[in-house]
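J.: Data file target25.txt (compact mmCIF, C-alpha atoms and all ligand atoms) is appended below.
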```
# COMPACT_ATOMS: atom_id res chain seq x y z
CA MET A 743 21.24 -50.05 -73.90
CA THR A 744 23.91 -47.82 -72.50
CA THR A 745 25.77 -49.39 -69.68
CA ASP A 746 28.96 -47.95 -71.12
CA HIS A 747 31.75 -47.42 -68.68
CA GLU A 748 31.63 -43.69 -69.53
CA THR A 749 28.18 -43.42 -67.97
CA LEU A 750 29.11 -45.27 -64.80
CA PRO A 751 30.32 -43.32 -61.81
CA LYS A 752 33.99 -43.93 -61.19
CA ALA A 753 35.62 -45.26 -58.08
CA ILE A 754 37.73 -42.69 -56.25
CA LEU A 755 40.93 -43.60 -54.48
CA TYR A 756 41.84 -40.98 -51.90
CA SER A 757 45.54 -40.92 -51.61
CA TRP A 758 48.64 -38.83 -50.87
CA PRO A 759 51.94 -38.95 -52.78
CA THR A 760 54.05 -39.91 -49.78
CA SER A 761 51.61 -42.44 -48.39
CA VAL A 762 53.14 -45.91 -48.40
CA TRP A 763 49.81 -47.67 -47.91
CA SER A 764 48.22 -45.87 -50.85
CA THR A 765 50.68 -47.57 -53.16
CA VAL A 766 49.19 -51.01 -52.34
CA PRO A 767 45.75 -50.36 -53.94
CA GLN A 768 47.51 -48.66 -56.84
CA LEU A 769 49.60 -51.78 -57.48
CA CYS A 770 46.41 -53.82 -57.12
CA LEU A 771 44.58 -51.73 -59.74
CA TYR A 772 47.49 -52.27 -62.11
CA GLU A 773 47.96 -55.99 -61.52
CA LYS A 774 44.21 -56.64 -61.81
CA GLY A 775 44.08 -54.87 -65.16
CA TYR A 776 41.77 -52.02 -64.16
CA SER A 777 42.28 -49.27 -66.68
CA SER A 778 42.94 -45.68 -65.72
CA ASP A 779 39.55 -44.57 -67.10
CA GLU A 780 37.77 -46.67 -64.46
CA TYR A 781 38.94 -44.80 -61.39
CA VAL A 782 40.20 -41.42 -60.21
CA ILE A 783 42.99 -40.82 -57.73
CA LYS A 784 42.40 -37.74 -55.58
CA TYR A 785 44.88 -36.26 -53.14
CA VAL A 786 43.79 -35.28 -49.65
CA ASP A 787 46.30 -34.32 -46.97
CA ILE A 788 44.60 -35.21 -43.70
CA SER A 789 42.17 -38.04 -43.67
CA THR A 790 42.20 -41.80 -43.52
CA ILE A 791 44.51 -42.67 -46.36
CA PRO A 792 44.00 -44.72 -48.41
CA THR A 793 40.22 -44.69 -48.76
CA LEU A 794 38.42 -46.13 -51.78
CA VAL A 795 34.94 -44.82 -52.53
CA VAL A 796 33.04 -47.06 -54.93
CA PRO A 797 29.58 -46.79 -56.46
CA THR A 798 27.59 -49.81 -55.26
CA LEU A 799 26.72 -52.33 -57.95
CA GLU A 800 22.97 -52.39 -57.46
CA THR A 801 22.73 -48.62 -57.77
CA THR A 802 24.70 -47.93 -60.92
CA GLY A 803 21.87 -48.58 -63.38
CA SER A 804 19.88 -45.77 -65.03
CA ASN A 805 17.31 -43.80 -63.01
CA VAL A 806 18.81 -44.77 -59.73
CA ASP A 807 20.50 -42.37 -57.38
CA THR A 808 24.05 -43.49 -57.04
CA ARG A 809 25.05 -44.66 -53.64
CA TYR A 810 28.62 -45.07 -52.56
CA ARG A 811 30.45 -47.35 -50.26
CA SER A 812 33.71 -46.33 -48.69
CA LEU A 813 36.53 -48.68 -47.75
CA ARG A 814 39.07 -47.29 -45.36
CA ASP A 815 42.06 -49.54 -45.11
CA THR A 816 44.52 -51.12 -47.48
CA ILE A 817 43.52 -54.71 -46.74
CA SER A 818 39.78 -54.22 -47.38
CA ILE A 819 40.41 -52.08 -50.45
CA CYS A 820 42.59 -54.71 -52.11
CA ASP A 821 40.24 -57.55 -51.14
CA PHE A 822 37.41 -55.59 -52.73
CA LEU A 823 39.33 -54.81 -55.94
CA ASP A 824 40.34 -58.44 -56.22
CA HIS A 825 36.80 -59.81 -55.84
CA ALA A 826 35.14 -57.12 -57.95
CA ARG A 827 37.02 -58.20 -61.05
CA ASN A 828 37.73 -61.76 -62.12
CA SER A 829 38.71 -63.47 -65.36
CA SER A 830 35.10 -63.71 -66.59
CA SER A 831 34.17 -60.13 -65.67
CA GLY A 832 37.20 -58.47 -67.27
CA HIS A 833 36.43 -55.04 -68.64
CA ILE A 834 34.86 -55.24 -72.08
CA GLN A 835 37.30 -52.64 -73.40
CA HIS A 836 40.31 -54.23 -71.83
CA GLN A 837 39.98 -57.91 -72.50
CA ASP A 838 43.69 -58.12 -73.07
CA LYS A 839 44.01 -57.77 -69.30
CA PRO A 840 43.40 -61.14 -67.68
CA ALA A 841 42.19 -59.91 -64.27
CA PRO A 842 43.94 -62.66 -62.34
CA THR A 843 42.61 -63.75 -58.97
CA LEU A 844 45.16 -62.46 -56.53
CA ALA A 845 43.91 -64.20 -53.39
CA PRO A 846 44.12 -67.95 -53.91
CA ALA A 847 45.22 -69.08 -50.45
CA THR A 848 44.64 -68.40 -46.78
CA ILE A 849 48.32 -68.44 -45.82
CA GLU A 850 48.53 -64.99 -47.30
CA ASP A 851 46.52 -63.57 -44.41
CA GLU A 852 49.45 -64.40 -42.20
CA ILE A 853 51.82 -62.49 -44.47
CA ILE A 854 49.49 -59.51 -44.82
CA ASN A 855 48.89 -59.27 -41.08
CA LEU A 856 52.62 -59.45 -40.45
CA ILE A 857 53.24 -56.55 -42.83
CA HIS A 858 50.63 -54.43 -41.04
CA VAL A 859 51.88 -54.96 -37.47
CA TYR A 860 52.39 -51.48 -35.99
CA THR A 861 55.90 -52.29 -34.71
CA VAL A 862 57.15 -52.48 -38.31
CA ASP A 863 55.00 -49.70 -39.78
CA PRO A 864 57.16 -47.72 -42.23
CA ASN A 865 55.38 -44.53 -41.15
CA PHE A 866 56.94 -45.06 -37.74
CA VAL A 867 60.30 -46.23 -39.09
CA ALA A 868 60.52 -43.04 -41.18
CA LEU A 869 60.39 -40.99 -37.97
CA ALA A 870 62.49 -43.36 -35.86
CA VAL A 871 65.68 -41.89 -34.39
CA ARG A 872 68.21 -43.97 -32.47
CA ASP A 873 70.39 -41.31 -30.88
CA GLU A 874 70.84 -37.58 -30.40
CA ALA A 875 72.78 -37.18 -33.65
CA GLU A 876 70.09 -38.84 -35.74
CA LEU A 877 67.43 -36.79 -33.99
CA LYS A 878 69.25 -33.52 -34.76
CA LYS A 879 69.75 -34.53 -38.37
CA LYS A 880 66.16 -35.59 -38.99
CA ALA A 881 64.68 -32.65 -37.06
CA ASN A 882 66.08 -30.19 -39.59
CA ARG A 883 65.13 -32.24 -42.59
CA PRO A 884 61.81 -33.35 -44.13
CA PRO A 885 60.73 -35.72 -41.31
CA GLY A 886 60.96 -32.91 -38.73
CA GLN A 887 59.67 -30.26 -41.10
CA SER A 888 56.65 -32.35 -42.03
CA LEU A 889 55.78 -32.83 -38.35
CA THR A 890 55.71 -29.05 -37.89
CA LEU A 891 53.68 -28.44 -41.05
CA ARG A 892 51.28 -31.15 -40.01
CA ARG A 893 50.98 -29.68 -36.52
CA GLU A 894 50.08 -26.27 -37.92
CA ALA A 895 47.60 -27.72 -40.40
CA LEU A 896 45.95 -29.92 -37.76
CA GLN A 897 45.58 -27.01 -35.35
CA ARG A 898 44.02 -24.92 -38.09
CA TYR A 899 41.61 -27.68 -39.11
CA LEU A 900 40.69 -28.28 -35.47
CA GLN A 901 39.96 -24.60 -34.98
CA GLU A 902 37.72 -24.60 -38.06
CA ALA A 903 35.96 -27.78 -36.98
CA LYS A 904 35.25 -26.34 -33.51
CA GLN A 905 33.87 -23.23 -35.15
CA ALA A 906 31.57 -25.42 -37.26
CA VAL A 907 30.28 -27.16 -34.12
CA ALA A 908 29.58 -23.80 -32.52
CA GLU A 909 27.69 -22.60 -35.58
CA SER A 910 25.79 -25.80 -36.29
CA ALA A 911 22.06 -25.78 -35.74
CA VAL A 912 21.88 -29.57 -35.69
CA ALA A 913 21.51 -31.18 -32.27
CA PRO A 914 23.01 -34.64 -31.86
CA LYS A 915 20.72 -37.62 -31.36
CA GLU A 916 20.91 -38.89 -27.83
CA GLY A 917 24.09 -40.87 -27.21
CA SER A 918 25.61 -39.98 -30.57
CA LEU A 919 27.66 -37.20 -32.10
CA THR A 920 26.88 -34.92 -35.01
CA TRP A 921 29.10 -35.10 -38.06
CA GLU A 922 30.82 -31.86 -36.96
CA GLN A 923 31.44 -33.25 -33.47
CA LYS A 924 32.89 -36.43 -34.93
CA THR A 925 35.27 -34.34 -37.02
CA VAL A 926 36.45 -32.49 -33.92
CA LYS A 927 37.04 -35.79 -32.13
CA PHE A 928 38.94 -37.25 -35.08
CA LEU A 929 41.16 -34.16 -35.32
CA GLU A 930 41.77 -34.02 -31.57
CA GLU A 931 43.11 -37.56 -31.68
CA LYS A 932 45.38 -36.71 -34.62
CA VAL A 933 46.65 -33.57 -32.86
CA LYS A 934 47.43 -35.61 -29.75
CA SER A 935 49.43 -38.32 -31.49
CA ASN A 936 51.28 -35.82 -33.68
CA GLU A 937 52.07 -33.66 -30.64
CA GLN A 938 53.95 -36.42 -28.81
CA ILE A 939 56.38 -37.01 -31.61
CA TRP A 940 56.60 -33.30 -32.47
CA GLU A 941 57.69 -32.60 -28.86
CA LEU A 942 60.40 -35.25 -29.13
CA TYR A 943 61.62 -33.77 -32.36
CA ASN A 944 61.64 -30.26 -30.90
CA GLY A 945 63.43 -30.83 -27.60
CA LYS A 946 60.26 -30.45 -25.55
CA ALA A 947 59.73 -33.99 -24.33
CA GLY A 948 62.53 -34.15 -21.75
CA LYS A 949 65.65 -36.36 -21.65
CA ASP A 950 63.91 -39.43 -20.19
CA LYS A 951 61.31 -39.61 -22.91
CA GLU A 952 63.98 -39.00 -25.52
CA GLU A 953 66.06 -41.92 -24.23
CA GLN A 954 63.00 -44.17 -24.12
CA PHE A 955 62.20 -43.23 -27.69
CA PHE A 956 65.76 -44.00 -28.85
CA GLU A 957 65.48 -47.45 -27.24
CA VAL A 958 62.16 -48.21 -28.96
CA CYS A 959 63.60 -47.09 -32.30
CA LYS A 960 66.76 -49.20 -31.88
CA LYS A 961 64.58 -52.22 -31.11
CA THR A 962 62.48 -51.54 -34.19
CA TRP A 963 65.54 -51.69 -36.44
CA THR A 964 67.51 -54.45 -34.76
CA GLU A 965 64.73 -56.71 -33.45
CA SER A 966 61.24 -56.10 -34.91
CA LEU A 967 62.33 -55.69 -38.52
CA PRO A 968 64.76 -58.66 -38.54
CA GLU A 969 62.02 -60.79 -36.91
CA ALA A 970 59.56 -59.76 -39.62
CA PHE A 971 62.08 -60.53 -42.38
CA ALA A 972 62.88 -63.92 -40.82
CA LYS A 973 59.17 -64.75 -40.62
CA LEU A 974 58.64 -63.74 -44.25
CA GLU A 975 61.56 -65.97 -45.22
CA THR A 976 59.70 -68.94 -43.74
CA LEU A 977 56.31 -67.96 -45.20
CA PHE A 978 57.35 -66.98 -48.73
CA LYS A 979 57.22 -69.80 -51.25
CA GLY A 980 59.26 -68.04 -53.93
CA PRO A 981 59.82 -66.41 -56.23
CA TYR A 982 56.67 -64.48 -55.27
CA ALA A 983 55.04 -64.64 -51.85
CA LEU A 984 52.85 -67.66 -52.62
CA GLY A 985 54.72 -69.19 -55.53
CA ASP A 986 54.77 -68.44 -59.24
CA GLN A 987 51.75 -66.12 -59.27
CA VAL A 988 51.49 -62.65 -57.82
CA SER A 989 49.00 -62.48 -54.93
CA LEU A 990 47.60 -59.83 -52.61
CA ALA A 991 50.31 -60.78 -50.11
CA ASP A 992 52.88 -59.63 -52.68
CA LEU A 993 51.29 -56.21 -53.04
CA HIS A 994 51.35 -55.45 -49.32
CA SER A 995 54.84 -56.91 -48.88
CA ILE A 996 56.50 -55.12 -51.78
CA SER A 997 55.08 -51.67 -50.94
CA TRP A 998 56.22 -52.13 -47.35
CA LEU A 999 59.68 -53.34 -48.35
CA THR A 1000 60.16 -50.60 -50.95
CA ARG A 1001 59.35 -47.89 -48.42
CA LEU A 1002 61.80 -49.40 -45.92
CA VAL A 1003 64.52 -49.59 -48.57
CA SER A 1004 63.88 -45.96 -49.40
CA ILE A 1005 64.05 -44.91 -45.72
CA ALA A 1006 67.46 -46.63 -45.56
CA GLY A 1007 68.57 -44.61 -48.59
CA GLY A 1008 68.34 -47.46 -51.13
CA ALA A 1009 67.14 -47.22 -54.71
CA PRO A 1010 64.27 -49.22 -56.23
CA ASP A 1011 66.65 -51.53 -58.08
CA ALA A 1012 68.08 -55.03 -57.62
CA THR A 1013 70.73 -54.04 -55.05
CA GLY A 1014 68.57 -51.45 -53.24
CA ILE A 1015 67.65 -54.00 -50.58
CA ASP A 1016 71.27 -54.05 -49.33
CA SER A 1017 70.87 -50.52 -47.99
CA LEU A 1018 68.88 -52.02 -45.10
CA LEU A 1019 71.70 -54.32 -43.96
CA PRO A 1020 73.77 -51.86 -41.88
CA HIS A 1021 70.69 -51.12 -39.76
CA LEU A 1022 69.50 -54.62 -38.92
CA GLY A 1023 71.90 -55.52 -36.11
CA GLY A 1024 73.77 -58.13 -38.15
CA TYR A 1025 70.70 -59.75 -39.74
CA LYS A 1026 71.23 -61.02 -43.30
CA PHE A 1027 68.40 -61.59 -45.75
CA GLY A 1028 67.57 -65.15 -46.66
CA PRO A 1029 67.36 -66.21 -50.33
CA LYS A 1030 63.56 -65.98 -50.60
CA VAL A 1031 63.18 -62.37 -49.46
CA ARG A 1032 66.10 -61.38 -51.67
CA LYS A 1033 64.67 -63.20 -54.69
CA PHE A 1034 61.24 -61.71 -54.00
CA TRP A 1035 62.76 -58.21 -54.18
CA GLU A 1036 64.75 -58.99 -57.33
CA GLU A 1037 61.68 -60.34 -59.12
CA TRP A 1038 59.51 -57.42 -58.10
CA VAL A 1039 61.85 -54.63 -59.19
CA GLU A 1040 61.49 -56.01 -62.72
CA ARG A 1041 57.66 -55.98 -62.80
CA GLU A 1042 55.83 -53.36 -64.80
CA SER A 1043 53.50 -52.44 -61.92
CA PHE A 1044 56.56 -51.79 -59.74
CA LYS A 1045 57.99 -49.48 -62.39
CA GLN A 1046 54.69 -47.66 -62.84
CA VAL A 1047 53.73 -47.25 -59.18
CA LEU A 1048 56.64 -47.80 -56.81
CA VAL A 1049 59.54 -46.29 -58.74
CA PRO A 1050 57.77 -42.88 -58.98
CA ALA A 1051 56.67 -43.21 -55.33
CA CYS A 1052 60.33 -43.72 -54.34
CA GLY A 1053 61.19 -40.36 -55.90
CA VAL A 1054 58.66 -38.73 -53.58
CA PHE A 1055 59.67 -40.83 -50.56
CA GLU A 1056 63.28 -39.77 -51.08
CA LYS A 1057 62.38 -36.09 -50.81
CA MET A 1058 60.88 -36.67 -47.40
CA SER A 1059 63.72 -38.80 -46.05
CA GLY A 1060 66.06 -37.82 -43.27
N1 LIG B 1101 46.01 -49.66 -41.56
C1 LIG B 1101 45.83 -48.59 -42.49
C2 LIG B 1101 46.95 -47.58 -42.29
C3 LIG B 1101 46.81 -46.38 -43.15
C4 LIG B 1101 47.84 -45.32 -42.85
O1 LIG B 1101 48.70 -45.43 -41.98
N2 LIG B 1101 47.76 -44.27 -43.63
C5 LIG B 1101 48.57 -43.09 -43.44
C6 LIG B 1101 49.32 -42.78 -44.71
S1 LIG B 1101 50.29 -44.12 -45.31
C7 LIG B 1101 47.63 -41.94 -43.17
O2 LIG B 1101 46.43 -42.07 -43.27
N3 LIG B 1101 48.16 -40.76 -42.93
C8 LIG B 1101 47.37 -39.56 -42.92
C9 LIG B 1101 46.88 -39.14 -41.60
O3 LIG B 1101 47.17 -39.76 -40.58
O4 LIG B 1101 46.19 -38.11 -41.59
C10 LIG B 1101 45.83 -49.14 -43.91
O5 LIG B 1101 46.36 -50.24 -44.12
O6 LIG B 1101 45.29 -48.51 -44.82
```
Can I see the file as structure tokens?
Ligand SMILES: N[C@@H](CCC(=O)N[C@@H](CS)C(=O)NCC(=O)O)C(=O)O
T.:
Amino acid sequence: MTTDHETLPKAILYSWPTSVWSTVPQLCLYEKGYSSDEYVIKYVDISTIPTLVVPTLETTGSNVDTRYRSLRDTISICDFLDHARNSSSGHIQHQDKPAPTLAPATIEDEIINLIHVYTVDPNFVALAVRDEAELKKKANRPPGQSLTLRREALQRYLQEAKQAVAESAVAPKEGSLTWEQKTVKFLEEKVKSNEQIWELYNGKAGKDKEEQFFEVCKKTWTESLPEAFAKLETLFKGPYALGDQVSLADLHSISWLTRLVSIAGGAPDATGIDSLLPHLGGYKFGPKVRKFWEEWVERESFKQVLVPACGVFEKMSG
């Protein structure tokens, strides 16, 4: 019988080197003991990142057309990876890897949800500017440059997608959209949200909007982030999020924190977390968040996934 892993279709993780949220499933793959021959990481520049496409279990046998299931957000991807592999189903070739259960408690939902609140999203923080000087500086550096590149790419993709709609012979079912029409809609939304911030970065939004944006960004740094850190301090058990064992809450929290440290110019090492302090309006880290960081920078998965990611993050910093 050949149910060898070579014959099984692999899972594909769609990712992008600078994507903070893509590092969470990558940490999860490592901590769960999945081996690199069980999945493929593919880079796509404009999509929903991360997305994990997995062959469904019931369809991976012989003589069956493979069907795939796609998971489109960090939380669902990591939940899936955690449940798909446990200590008794560890890979036959990699029994040295224990496949720990990473989700032992419900309190971690609170931590994970906190990390994913949009007011503390590192993708926003990376583009946040608090005054004219910071705006000028970032506009001429990778944050501003990437907005322009993205704008051009999105406009090109939208043009192509509209062309595809015009050329398509398929009529939509009543009340629904064709695949081509959905693509146009998806891209139009992306163009719109990118345009707002691009205008701010390029002096086209007007002084009032600029001032409003500075205020929101100041609040992010001096209120939303300190509030999130204070909440984590009360929720973390130490040294890891839920105690002695690494959990899914750790994976979300450490990717988030590492990206923030990198935005503030810090390195992925024990003192890197201090780079955030000058920005937090006087907030000081409590012992649990600090210990959490110090423990994590020593873990192998951190060194394999987040240290290289920091190199890429740095190149796109302001
Ligand atoms: N809530 C989503 C957020 C994902 C997200 O923000 N992804 C960013 C990259 S980190 C993205 O897709 N950027 C590409 C784009 O917008 O086209 C998750 O947790 O996966």
J.: If we draw a sphere of 12 Å around (54.1, -49.2, -64.9), which residues have at least one atom in it when counting all atoms listed in the file? Please report them as a list in words.
T.: Gln768, Leu769, Cys770, Leu771, Tyr772, Glu773, Gly775, Ser777, Ser778, Trp1038, Val1039, Glu1040, Arg1041, Glu1042, Ser1043, Phe1044, Lys1045, Gln1046, Val1047, Leu1048, Val1049, Pro1050 and Ala1051 of chain A
J.: Residues up to 9 Å from ligand LIG 1101 (chain B), counting all atoms listed in the file: could you list those as a ChimeraX atom specification?
T.: /A:757-758,760-766,786-793,814-819,858-860,863-865,892,929,932,936,994
J.: Next, dump the selected residues to file, keeping only C-alpha atoms, as an mmCIF file, keeping the file's coordinate frame.
T.:
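Produced file part.cif, reproduced below:
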```
data_model
loop_
_atom_site.group_PDB
_atom_site.id
_atom_site.type_symbol
_atom_site.label_atom_id
_atom_site.label_comp_id
_atom_site.auth_asym_id
_atom_site.auth_seq_id
_atom_site.Cartn_x
_atom_site.Cartn_y
_atom_site.Cartn_z
ATOM 1 C CA SER A 757 45.540 -40.920 -51.610
ATOM 2 C CA TRP A 758 48.640 -38.830 -50.870
ATOM 3 C CA THR A 760 54.050 -39.910 -49.780
ATOM 4 C CA SER A 761 51.610 -42.440 -48.390
ATOM 5 C CA VAL A 762 53.140 -45.910 -48.400
ATOM 6 C CA TRP A 763 49.810 -47.670 -47.910
ATOM 7 C CA SER A 764 48.220 -45.870 -50.850
ATOM 8 C CA THR A 765 50.680 -47.570 -53.160
ATOM 9 C CA VAL A 766 49.190 -51.010 -52.340
ATOM 10 C CA VAL A 786 43.790 -35.280 -49.650
ATOM 11 C CA ASP A 787 46.300 -34.320 -46.970
ATOM 12 C CA ILE A 788 44.600 -35.210 -43.700
ATOM 13 C CA SER A 789 42.170 -38.040 -43.670
ATOM 14 C CA THR A 790 42.200 -41.800 -43.520
ATOM 15 C CA ILE A 791 44.510 -42.670 -46.360
ATOM 16 C CA PRO A 792 44.000 -44.720 -48.410
ATOM 17 C CA THR A 793 40.220 -44.690 -48.760
ATOM 18 C CA ARG A 814 39.070 -47.290 -45.360
ATOM 19 C CA ASP A 815 42.060 -49.540 -45.110
ATOM 20 C CA THR A 816 44.520 -51.120 -47.480
ATOM 21 C CA ILE A 817 43.520 -54.710 -46.740
ATOM 22 C CA SER A 818 39.780 -54.220 -47.380
ATOM 23 C CA ILE A 819 40.410 -52.080 -50.450
ATOM 24 C CA HIS A 858 50.630 -54.430 -41.040
ATOM 25 C CA VAL A 859 51.880 -54.960 -37.470
ATOM 26 C CA TYR A 860 52.390 -51.480 -35.990
ATOM 27 C CA ASP A 863 55.000 -49.700 -39.780
ATOM 28 C CA PRO A 864 57.160 -47.720 -42.230
ATOM 29 C CA ASN A 865 55.380 -44.530 -41.150
ATOM 30 C CA ARG A 892 51.280 -31.150 -40.010
ATOM 31 C CA LEU A 929 41.160 -34.160 -35.320
ATOM 32 C CA LYS A 932 45.380 -36.710 -34.620
ATOM 33 C CA ASN A 936 51.280 -35.820 -33.680
ATOM 34 C CA HIS A 994 51.350 -55.450 -49.320
#
```
J.: Excluding Val988 of chain A and residues on its chain fewer than 2 positions from it, collect all residues at most 12 Å away from it, counting all atoms listed in the file, and give them as an NGL selection string.
T.: :A and (769-770 or 772-774 or 841-847 or 850 or 978-986 or 990-996 or 1034 or 1037-1038 or 1041 or 1043)
J.: Kindly give the distance, in Å, that separates atom CA of Ser935 of chain A and atom CA of Phe956 of chain A, rounded to a single decimal.
T.: 17.5 Å
J.: Which residues, written as a list in words, have at least one atom at most 7 Å from Thr962 of chain A, with only C-alpha atoms counted and residues fewer than 5 positions away on the same chain left out?
T.: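 Answer for this query is Thr861, Val862 and Leu967 of chain A.
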J.: Mind pulling up the distance from atom CA of Trp1035 of chain A to atom CA of Gly1023 of chain A?
T.: 20.4 Å
J.: Smallest atom-to-atom distance to Val796 of chain A: which of A:Lys946, A:Arg811, A:Arg893, A:Lys924, using all atoms listed in the file?
T.: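 Of the candidates, the smallest distance to Val796 of chain A is held by A:Arg811.
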J.: With a distance cut-off of 12 Å and all atoms listed in the file, select the neighbouring residues of segment 916-923 of chain A, excluding the residue or stretch itself and same-chain residues fewer than 4 positions from it, and output the selection as a PyMOL selection string.
T.: chain A and resi 899-912+927-930
J.: Please indicate the distance in Å from atom CA of Ser966 of chain A to atom CA of Met1058 of chain A, rounded to one decimal place.
T.: 23.1 Å
